[in-house]
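K.L.:
Below is the file start-v9.pdb, which contains PDB, C-alpha atoms.
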```
ATOM      1  CA  MET A   1       0.000   0.000   0.000
ATOM      2  CA  SER A   2       1.815   3.103  -1.199
ATOM      3  CA  PRO A   3       1.312   5.846  -3.755
ATOM      4  CA  GLU A   4       3.610   3.834  -6.027
ATOM      5  CA  THR A   5       0.976   1.119  -6.380
ATOM      6  CA  GLN A   6      -1.519   3.726  -7.577
ATOM      7  CA  PRO A   7      -3.805   2.805 -10.449
ATOM      8  CA  GLU A   8      -3.397   4.379 -13.838
ATOM      9  CA  LYS A   9      -5.457   7.443 -14.658
ATOM     10  CA  VAL A  10      -9.171   7.373 -13.941
ATOM     11  CA  GLY A  11     -11.522   8.547 -16.682
ATOM     12  CA  TYR A  12     -14.969  10.071 -16.475
ATOM     13  CA  ALA A  13     -17.453  10.888 -19.216
ATOM     14  CA  PRO A  14     -19.231  14.177 -18.411
ATOM     15  CA  ILE A  15     -22.930  13.742 -17.672
ATOM     16  CA  GLY A  16     -23.858  17.232 -18.884
ATOM     17  CA  VAL A  17     -22.785  20.845 -19.249
ATOM     18  CA  VAL A  18     -23.385  24.151 -17.508
ATOM     19  CA  ALA A  19     -25.280  26.886 -19.370
ATOM     20  CA  SER A  20     -24.383  30.285 -17.943
ATOM     21  CA  SER A  21     -24.022  33.841 -19.207
ATOM     22  CA  PHE A  22     -20.401  33.843 -17.995
ATOM     23  CA  ASN A  23     -17.977  32.807 -20.696
ATOM     24  CA  GLU A  24     -14.796  33.817 -18.934
ATOM     25  CA  PRO A  25     -13.637  34.131 -15.330
ATOM     26  CA  GLY A  26     -14.979  37.262 -13.673
ATOM     27  CA  ASP A  27     -16.363  38.418 -10.360
ATOM     28  CA  PRO A  28     -17.117  35.221  -8.401
ATOM     29  CA  LYS A  29     -19.816  37.046  -6.467
ATOM     30  CA  ALA A  30     -21.674  38.044  -9.636
ATOM     31  CA  MET A  31     -21.325  34.501 -11.002
ATOM     32  CA  ARG A  32     -22.732  32.897  -7.886
ATOM     33  CA  ASN A  33     -25.615  35.349  -7.647
ATOM     34  CA  ALA A  34     -26.612  34.646 -11.258
ATOM     35  CA  GLU A  35     -28.765  31.754 -12.421
ATOM     36  CA  SER A  36     -27.211  28.886 -14.360
ATOM     37  CA  THR A  37     -28.714  25.793 -15.894
ATOM     38  CA  LEU A  38     -27.311  22.293 -15.566
ATOM     39  CA  ILE A  39     -28.164  20.499 -18.802
ATOM     40  CA  LEU A  40     -27.743  16.785 -18.300
ATOM     41  CA  ASP A  41     -27.628  14.252 -21.064
ATOM     42  CA  GLU A  42     -31.178  13.060 -21.834
ATOM     43  CA  LYS A  43     -30.199   9.536 -20.840
ATOM     44  CA  TYR A  44     -29.961  10.629 -17.186
ATOM     45  CA  VAL A  45     -33.565  11.815 -16.770
ATOM     46  CA  VAL A  46     -34.533   8.631 -14.911
ATOM     47  CA  ALA A  47     -31.409   8.882 -12.726
ATOM     48  CA  MET A  48     -32.542  12.431 -11.756
ATOM     49  CA  ASP A  49     -35.885  11.234 -10.405
ATOM     50  CA  GLY A  50     -36.268  12.355  -6.792
ATOM     51  CA  LEU A  51     -33.991  15.399  -6.947
ATOM     52  CA  ASP A  52     -37.071  17.573  -6.441
ATOM     53  CA  ARG A  53     -37.095  16.642  -2.755
ATOM     54  CA  TYR A  54     -33.841  18.533  -2.230
ATOM     55  CA  LYS A  55     -33.217  22.266  -2.082
ATOM     56  CA  PHE A  56     -29.425  22.100  -2.432
ATOM     57  CA  ILE A  57     -27.085  19.939  -4.495
ATOM     58  CA  LEU A  58     -23.345  19.535  -4.821
ATOM     59  CA  VAL A  59     -22.262  20.173  -8.377
ATOM     60  CA  ILE A  60     -19.020  18.410  -9.298
ATOM     61  CA  TYR A  61     -17.466  19.727 -12.487
ATOM     62  CA  HIS A  62     -14.314  19.640 -14.565
ATOM     63  CA  ILE A  63     -12.585  23.046 -14.547
ATOM     64  CA  ASP A  64     -11.803  22.805 -18.252
ATOM     65  CA  ARG A  65     -10.318  26.310 -18.392
ATOM     66  CA  SER A  66      -7.976  25.853 -15.415
ATOM     67  CA  PRO A  67      -4.698  27.701 -16.044
ATOM     68  CA  GLY A  68      -2.842  24.481 -15.119
ATOM     69  CA  TYR A  69      -1.121  23.117 -12.052
ATOM     70  CA  LEU A  70       0.807  25.416  -9.705
ATOM     71  CA  GLU A  71       2.387  24.122  -6.483
ATOM     72  CA  ARG A  72       1.777  27.362  -4.594
ATOM     73  CA  VAL A  73      -0.698  30.201  -5.158
ATOM     74  CA  HIS A  74      -2.036  33.323  -3.492
ATOM     75  CA  PRO A  75      -5.414  32.381  -1.944
ATOM     76  CA  MET A  76      -8.280  33.830  -3.991
ATOM     77  CA  GLY A  77      -5.652  35.298  -6.343
ATOM     78  CA  ASP A  78      -5.074  38.034  -3.759
ATOM     79  CA  GLN A  79      -1.426  39.149  -3.963
ATOM     80  CA  SER A  80      -1.702  40.651  -0.480
ATOM     81  CA  ILE A  81      -2.153  37.173   1.045
ATOM     82  CA  PRO A  82       1.084  35.128   1.194
ATOM     83  CA  GLU A  83       1.356  32.171  -1.154
ATOM     84  CA  ARG A  84       0.548  28.718   0.152
ATOM     85  CA  GLY A  85       0.271  25.213  -1.235
ATOM     86  CA  VAL A  86      -2.499  24.932  -3.826
ATOM     87  CA  LEU A  87      -4.125  22.007  -1.962
ATOM     88  CA  ALA A  88      -4.642  24.393   0.986
ATOM     89  CA  THR A  89      -6.704  26.716  -1.244
ATOM     90  CA  ARG A  90      -9.728  26.536  -3.553
ATOM     91  CA  SER A  91      -7.641  27.691  -6.533
ATOM     92  CA  PRO A  92      -8.407  26.066  -9.928
ATOM     93  CA  CYS A  93      -4.644  25.461 -10.399
ATOM     94  CA  ARG A  94      -4.812  22.090  -8.629
ATOM     95  CA  PRO A  95      -3.299  18.751  -9.714
ATOM     96  CA  ASN A  96      -6.750  17.539 -10.844
ATOM     97  CA  PRO A  97      -8.987  20.500 -11.783
ATOM     98  CA  ILE A  98     -12.168  19.307 -10.081
ATOM     99  CA  GLY A  99     -14.592  22.013  -8.944
ATOM    100  CA  ILE A 100     -17.219  21.495  -6.243
ATOM    101  CA  THR A 101     -19.882  24.004  -5.253
ATOM    102  CA  VAL A 102     -23.131  23.826  -3.372
ATOM    103  CA  ALA A 103     -25.927  25.223  -5.548
ATOM    104  CA  GLU A 104     -29.567  25.947  -4.820
ATOM    105  CA  ILE A 105     -32.175  24.257  -7.018
ATOM    106  CA  LEU A 106     -34.659  26.769  -8.437
ATOM    107  CA  LYS A 107     -36.474  24.535 -10.922
ATOM    108  CA  ILE A 108     -36.182  21.113 -12.525
ATOM    109  CA  GLU A 109     -37.602  20.454 -15.998
ATOM    110  CA  GLY A 110     -36.773  17.194 -17.721
ATOM    111  CA  ASN A 111     -32.983  17.070 -18.062
ATOM    112  CA  ARG A 112     -32.510  20.706 -16.976
ATOM    113  CA  ILE A 113     -31.874  21.996 -13.468
ATOM    114  CA  LYS A 114     -31.958  25.744 -12.963
ATOM    115  CA  VAL A 115     -29.716  26.753 -10.055
ATOM    116  CA  THR A 116     -28.137  29.698  -8.330
ATOM    117  CA  GLY A 117     -24.909  29.779  -6.308
ATOM    118  CA  LEU A 118     -22.778  28.043  -8.945
ATOM    119  CA  ASP A 119     -19.375  29.469  -9.921
ATOM    120  CA  ALA A 120     -18.797  27.496 -13.138
ATOM    121  CA  LEU A 121     -18.352  29.027 -16.595
ATOM    122  CA  ASN A 122     -20.616  28.441 -19.571
ATOM    123  CA  GLU A 123     -20.101  24.994 -21.152
ATOM    124  CA  THR A 124     -18.267  23.591 -18.123
ATOM    125  CA  PRO A 125     -18.480  19.764 -18.184
ATOM    126  CA  ILE A 126     -20.484  18.344 -15.270
ATOM    127  CA  LEU A 127     -19.128  15.115 -13.751
ATOM    128  CA  ASP A 128     -21.680  14.430 -11.026
ATOM    129  CA  ILE A 129     -24.437  15.955  -8.952
ATOM    130  CA  LYS A 130     -25.315  14.823  -5.430
ATOM    131  CA  PRO A 131     -27.991  15.887  -2.988
ATOM    132  CA  TYR A 132     -26.477  18.084  -0.298
ATOM    133  CA  GLU A 133     -26.657  16.183   2.995
ATOM    134  CA  GLU A 134     -25.505  18.019   6.077
ATOM    135  CA  HIS A 135     -24.540  14.654   7.520
ATOM    136  CA  PHE A 136     -21.876  14.002   4.841
ATOM    137  CA  ASP A 137     -21.102  17.499   3.706
ATOM    138  CA  SER A 138     -20.465  19.440   6.877
ATOM    139  CA  PRO A 139     -18.444  18.873  10.049
ATOM    140  CA  VAL A 140     -21.756  18.066  11.765
ATOM    141  CA  GLY A 141     -21.791  14.526  10.347
ATOM    142  CA  ILE A 142     -18.497  13.583  11.990
ATOM    143  CA  GLU A 143     -19.898  14.541  15.387
ATOM    144  CA  ARG A 144     -23.191  12.752  14.774
ATOM    145  CA  GLU A 145     -21.486   9.476  13.896
ATOM    146  CA  ARG A 146     -19.938   9.517  17.356
ATOM    147  CA  GLU A 147     -23.356   9.318  18.985
ATOM    148  CA  PRO A 148     -24.006   5.587  19.529
ATOM    149  CA  GLY A 149     -27.691   5.740  18.606
ATOM    150  CA  TYR A 150     -27.393   7.972  15.565
ATOM    151  CA  ARG A 151     -28.538   6.733  12.165
ATOM    152  CA  PRO A 152     -28.760   9.089   9.166
ATOM    153  CA  ARG A 153     -32.347   9.554   8.077
ATOM    154  CA  ASP A 154     -33.595   9.697   4.541
ATOM    155  CA  ALA A 155     -34.444  13.166   3.168
TER     156      ALA A 155
ATOM    157  CA  MET B   1     -24.314  24.508 -26.377
ATOM    158  CA  SER B   2     -25.751  21.112 -25.710
ATOM    159  CA  PRO B   3     -24.692  17.844 -24.147
ATOM    160  CA  GLU B   4     -23.939  16.630 -27.653
ATOM    161  CA  THR B   5     -20.991  19.053 -27.892
ATOM    162  CA  GLN B   6     -19.526  17.534 -24.714
ATOM    163  CA  PRO B   7     -15.807  16.897 -24.593
ATOM    164  CA  GLU B   8     -14.428  13.412 -24.674
ATOM    165  CA  LYS B   9     -13.644  11.749 -21.365
ATOM    166  CA  VAL B  10     -11.687  13.668 -18.758
ATOM    167  CA  GLY B  11      -8.765  11.906 -17.090
ATOM    168  CA  TYR B  12      -7.258  12.388 -13.659
ATOM    169  CA  ALA B  13      -4.118  10.899 -12.143
ATOM    170  CA  PRO B  14      -4.721  10.073  -8.462
ATOM    171  CA  ILE B  15      -2.664  12.237  -6.090
ATOM    172  CA  GLY B  16      -2.534   9.567  -3.379
ATOM    173  CA  VAL B  17      -4.320   6.695  -1.669
ATOM    174  CA  VAL B  18      -6.301   6.083   1.494
ATOM    175  CA  ALA B  19      -4.854   3.813   4.174
ATOM    176  CA  SER B  20      -7.630   2.375   6.300
ATOM    177  CA  SER B  21      -8.324  -0.820   8.206
ATOM    178  CA  PHE B  22     -11.487  -1.332   6.115
ATOM    179  CA  ASN B  23     -10.866  -3.463   3.062
ATOM    180  CA  GLU B  24     -14.466  -4.028   2.107
ATOM    181  CA  PRO B  25     -17.740  -2.154   2.491
ATOM    182  CA  GLY B  26     -19.147  -2.428   5.996
ATOM    183  CA  ASP B  27     -20.888  -0.328   8.598
ATOM    184  CA  PRO B  28     -20.530   3.284   7.383
ATOM    185  CA  LYS B  29     -20.749   4.499  10.957
ATOM    186  CA  ALA B  30     -17.795   2.376  12.068
ATOM    187  CA  MET B  31     -15.804   3.481   9.017
ATOM    188  CA  ARG B  32     -16.395   7.150   9.660
ATOM    189  CA  ASN B  33     -15.584   6.868  13.360
ATOM    190  CA  ALA B  34     -12.274   5.161  12.597
ATOM    191  CA  GLU B  35      -9.038   6.919  11.721
ATOM    192  CA  SER B  36      -7.695   6.774   8.170
ATOM    193  CA  THR B  37      -4.558   8.170   6.625
ATOM    194  CA  LEU B  38      -4.393  10.031   3.329
ATOM    195  CA  ILE B  39      -1.013   9.200   1.806
ATOM    196  CA  LEU B  40      -0.257  11.682  -0.925
ATOM    197  CA  ASP B  41       2.455  11.278  -3.484
ATOM    198  CA  GLU B  42       5.701  12.795  -2.150
ATOM    199  CA  LYS B  43       5.705  15.303  -4.980
ATOM    200  CA  TYR B  44       2.704  17.083  -3.436
ATOM    201  CA  VAL B  45       4.306  17.947  -0.086
ATOM    202  CA  VAL B  46       4.864  21.574  -1.167
ATOM    203  CA  ALA B  47       1.292  21.787  -2.504
ATOM    204  CA  MET B  48       0.078  20.683   0.970
ATOM    205  CA  ASP B  49       1.759  23.597   2.732
ATOM    206  CA  GLY B  50      -0.814  25.573   4.716
ATOM    207  CA  LEU B  51      -3.307  22.745   5.258
ATOM    208  CA  ASP B  52      -2.465  22.884   8.971
ATOM    209  CA  ARG B  53      -4.572  26.034   9.322
ATOM    210  CA  TYR B  54      -7.715  24.029   8.578
ATOM    211  CA  LYS B  55      -9.586  21.621  10.792
ATOM    212  CA  PHE B  56     -11.750  20.065   8.043
ATOM    213  CA  ILE B  57     -11.084  19.100   4.446
ATOM    214  CA  LEU B  58     -13.126  17.753   1.587
ATOM    215  CA  VAL B  59     -11.690  14.482   0.364
ATOM    216  CA  ILE B  60     -12.532  13.739  -3.275
ATOM    217  CA  TYR B  61     -11.882  10.138  -4.229
ATOM    218  CA  HIS B  62     -12.480   7.577  -6.941
ATOM    219  CA  ILE B  63     -14.864   4.852  -5.735
ATOM    220  CA  ASP B  64     -12.809   2.141  -7.393
ATOM    221  CA  ARG B  65     -14.955  -0.664  -5.965
ATOM    222  CA  SER B  66     -18.280   0.824  -7.088
ATOM    223  CA  PRO B  67     -20.665  -1.961  -8.157
ATOM    224  CA  GLY B  68     -21.301  -0.018 -11.397
ATOM    225  CA  TYR B  69     -23.963   2.323 -12.692
ATOM    226  CA  LEU B  70     -27.620   1.827 -11.775
ATOM    227  CA  GLU B  71     -30.317   4.280 -12.874
ATOM    228  CA  ARG B  72     -32.388   3.806  -9.732
ATOM    229  CA  VAL B  73     -31.456   2.600  -6.238
ATOM    230  CA  HIS B  74     -32.849   2.324  -2.736
ATOM    231  CA  PRO B  75     -31.374   5.225  -0.732
ATOM    232  CA  MET B  76     -28.662   3.974   1.661
ATOM    233  CA  GLY B  77     -29.324   0.478   0.296
ATOM    234  CA  ASP B  78     -32.419   0.368   2.497
ATOM    235  CA  GLN B  79     -35.041  -1.817   0.788
ATOM    236  CA  SER B  80     -37.766  -0.221   2.922
ATOM    237  CA  ILE B  81     -37.218   3.139   1.203
ATOM    238  CA  PRO B  82     -38.652   3.300  -2.333
ATOM    239  CA  GLU B  83     -36.173   3.412  -5.194
ATOM    240  CA  ARG B  84     -35.265   6.737  -6.705
ATOM    241  CA  GLY B  85     -32.855   8.053  -9.323
ATOM    242  CA  VAL B  86     -29.232   7.436  -8.346
ATOM    243  CA  LEU B  87     -28.362  11.121  -8.805
ATOM    244  CA  ALA B  88     -30.883  11.912  -6.046
ATOM    245  CA  THR B  89     -28.913   9.685  -3.615
ATOM    246  CA  ARG B  90     -25.348   9.308  -2.336
ATOM    247  CA  SER B  91     -25.120   5.751  -3.706
ATOM    248  CA  PRO B  92     -21.771   4.674  -5.211
ATOM    249  CA  CYS B  93     -23.649   3.340  -8.269
ATOM    250  CA  ARG B  94     -23.470   6.719 -10.043
ATOM    251  CA  PRO B  95     -22.500   7.436 -13.644
ATOM    252  CA  ASN B  96     -19.073   8.667 -12.492
ATOM    253  CA  PRO B  97     -18.108   7.018  -9.184
ATOM    254  CA  ILE B  98     -16.738  10.112  -7.436
ATOM    255  CA  GLY B  99     -16.937  10.138  -3.640
ATOM    256  CA  ILE B 100     -16.856  13.298  -1.536
ATOM    257  CA  THR B 101     -16.720  13.416   2.257
ATOM    258  CA  VAL B 102     -15.822  16.026   4.807
ATOM    259  CA  ALA B 103     -13.062  14.690   7.073
ATOM    260  CA  GLU B 104     -11.469  16.086  10.200
ATOM    261  CA  ILE B 105      -7.693  16.572  10.201
ATOM    262  CA  LEU B 106      -6.062  14.950  13.225
ATOM    263  CA  LYS B 107      -2.407  15.267  12.248
ATOM    264  CA  ILE B 108      -0.275  16.152   9.234
ATOM    265  CA  GLU B 109       3.199  14.680   8.823
ATOM    266  CA  GLY B 110       5.016  15.176   5.548
ATOM    267  CA  ASN B 111       2.869  13.613   2.839
ATOM    268  CA  ARG B 112       0.493  11.942   5.329
ATOM    269  CA  ILE B 113      -2.736  13.348   6.721
ATOM    270  CA  LYS B 114      -4.409  11.428   9.517
ATOM    271  CA  VAL B 115      -8.177  12.011   9.480
ATOM    272  CA  THR B 116     -11.431  10.820  10.931
ATOM    273  CA  GLY B 117     -14.889  10.984   9.355
ATOM    274  CA  LEU B 118     -13.870   9.424   6.033
ATOM    275  CA  ASP B 119     -15.935   6.621   4.479
ATOM    276  CA  ALA B 120     -13.432   5.371   1.898
ATOM    277  CA  LEU B 121     -11.969   1.865   1.764
ATOM    278  CA  ASN B 122      -8.301   0.991   2.090
ATOM    279  CA  GLU B 123      -6.307   1.830  -1.078
ATOM    280  CA  THR B 124      -8.999   4.116  -2.480
ATOM    281  CA  PRO B 125      -7.410   6.512  -5.004
ATOM    282  CA  ILE B 126      -7.552  10.155  -3.898
ATOM    283  CA  LEU B 127      -8.253  12.695  -6.647
ATOM    284  CA  ASP B 128      -8.182  15.966  -4.720
ATOM    285  CA  ILE B 129      -8.345  17.482  -1.270
ATOM    286  CA  LYS B 130      -9.704  20.948  -0.549
ATOM    287  CA  PRO B 131     -10.020  22.988   2.623
ATOM    288  CA  TYR B 132     -13.613  22.940   3.842
ATOM    289  CA  GLU B 133     -14.989  26.472   3.509
ATOM    290  CA  GLU B 134     -18.465  27.058   4.826
ATOM    291  CA  HIS B 135     -18.797  29.780   2.210
ATOM    292  CA  PHE B 136     -18.498  27.344  -0.728
ATOM    293  CA  ASP B 137     -19.526  24.113   0.903
ATOM    294  CA  SER B 138     -22.780  24.881   2.650
ATOM    295  CA  PRO B 139     -25.999  26.690   1.742
ATOM    296  CA  VAL B 140     -24.704  29.600   3.834
ATOM    297  CA  GLY B 141     -22.420  30.816   1.036
ATOM    298  CA  ILE B 142     -25.302  31.327  -1.392
ATOM    299  CA  GLU B 143     -27.020  33.610   1.119
ATOM    300  CA  ARG B 144     -23.831  35.508   1.914
ATOM    301  CA  GLU B 145     -23.125  36.285  -1.738
ATOM    302  CA  ARG B 146     -26.450  38.088  -1.845
ATOM    303  CA  GLU B 147     -25.262  40.621   0.742
ATOM    304  CA  PRO B 148     -23.841  43.521  -1.285
ATOM    305  CA  GLY B 149     -20.885  44.167   1.027
ATOM    306  CA  TYR B 150     -19.867  40.549   1.598
ATOM    307  CA  ARG B 151     -16.403  39.351   0.598
ATOM    308  CA  PRO B 152     -15.140  35.897   1.588
ATOM    309  CA  ARG B 153     -12.262  36.177   4.034
ATOM    310  CA  ASP B 154      -9.141  34.087   4.054
ATOM    311  CA  ALA B 155      -8.949  31.315   6.666
TER     312      ALA B 155
END
```
Would you write out, as C-alpha cells, the structure that this file holds?
P.N.:
Amino acid sequence: MSPETQPEKVGYAPIGVVASSFNEPGDPKAMRNAESTLILDEKYVVAMDGLDRYKFILVIYHIDRSPGYLERVHPMGDQSIPERGVLATRSPCRPNPIGITVAEILKIEGNRIKVTGLDALNETPILDIKPYEEHFDSPVGIEREREPGYRPRDA
Amino acid sequence: MSPETQPEKVGYAPIGVVASSFNEPGDPKAMRNAESTLILDEKYVVAMDGLDRYKFILVIYHIDRSPGYLERVHPMGDQSIPERGVLATRSPCRPNPIGITVAEILKIEGNRIKVTGLDALNETPILDIKPYEEHFDSPVGIEREREPGYRPRDA
C-alpha cells in the first residue's frame, strides 16, 4: 500500500454541461448570484428522479479552463495574502482540476436543473451531482457518527 | 451549447491513496468513526503547505470498488425506502463514481494526513483534497453572496 501502487489514470465521461451567461472568469460574487442551468444528457432523466425533494445539491465539475497546475498560489488570487500550497486553497490550479460548489435548485424540468450559487463558466463539463446532505457534507456529520444511537435519516 | 458538444472523457491521475483498516464495504458508521490516513504522493508535499490552518477538508476520491452504474437505487441500500434516481442519492452506483466526504484533520506529517470521518476503503485513489470552507460548501455561502458588502475572508 503506497502511492507507487496507484492505479493508472481514472476517466470520467461528463454527464452534462453548464449553461451560464459567464464565458470567462470574472467576479465570483456576480457569477454565484446569477442563475445557471445544468443540462444533463437526456439519458440521465430517470437517474434524476427524486432530486425535487432537495433544495441544495453539490455540483461536481471539470474546470476545463484551469490555467494548469501550480504548487503554490495566493489564496483567492489576492497578492496581499502570502502564497501557500495549492491544496490548501480553492484555486483552480490544482493537480486535478475538479470544482465542487453547493448550488440551490430553483427549478427542474426534464434534463434541466436551474440553479443559483454556482461558480462554473458556460459549457463547463459536469461530472456528477449529489444531494447536499448536512450529515456528509459538513463537520456536523463527523460529530453525529460519534453518537451511539445515531442513524442518518432519509431526506 | 448542448450535451452533444460535450468533450471526450476527462482523465485524472490520483494524487494519493487512502490507508484504512477497512478493506471491504461495511458499517458506514464504524468506518467514519475510525481513523484513516491520506497518503499523498511525495511530490505534493509543497502543494500541501498551509493545510495545517484548517480543521476540516473535503476528500474527493475515486470509488474504485463501485458496483457499477444503476439508474435507480434504494437510498442507503435500504429496501424499505422506495427506489429513486441514483443522482438523487449518495449511492456509489453513479454514472461517475466520485466520492466526496468532509473529514477532520487529526495530524499532518510530511505527505500523510491522519483524518477521521472518512468513508473510503483501504487503497482508495484520492483525486483531490480541498479545505472545507463554509462559504463554498454549505448553503450559507449562497445567502452571503447576496449581501452587497460581503467578501469571503481568508482562513
K.L.:
Name every residue that the ChimeraX specification (/B :<6) & /A selects in this structure, writing the answer as a PyMOL selection string with chains first and numbers rising.
P.N.:
chain A and resi 3+9-13+16+29+41+46-51+71-72+84-88+96+101-102+117+130-131+136-137+142+145
K.L.:
Report, in Å to a single decimal, how far apart CA of Arg65 (chain A) and CA of Pro25 (chain A) are.
P.N.:
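Atom-to-atom, CA of Pro25 (chain A) and CA of Arg65 (chain A) are spaced 9.0 Å apart.
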K.L.:
Let me make sure I understand: among B:Phe22, B:Gln79, B:Thr37, B:Val59, which one has the smallest atom-to-atom distance to Leu106 (chain B) if we use all atoms listed in the file?
P.N.:
B:Thr37
K.L.:
Have a look at CA of Glu24 (chain A) and CA of Ser36 (chain A) and let me know their distance in Å, one decimal.
P.N.:
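Separation of CA of Glu24 (chain A) and CA of Ser36 (chain A): 14.1 Å.
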K.L.:
For region 130-139 of chain A, take all atoms listed in the file, fit an axis-aligned box around them, add 4 Å to each of the six sides, then output centre and edge lengths in Å rounded to one decimal, as AutoDock Vina command-line options.
P.N.:
```
--center_x -23.2 --center_y 16.7 --center_z 2.3 --size_x 17.5 --size_y 13.4 --size_z 23.5
```
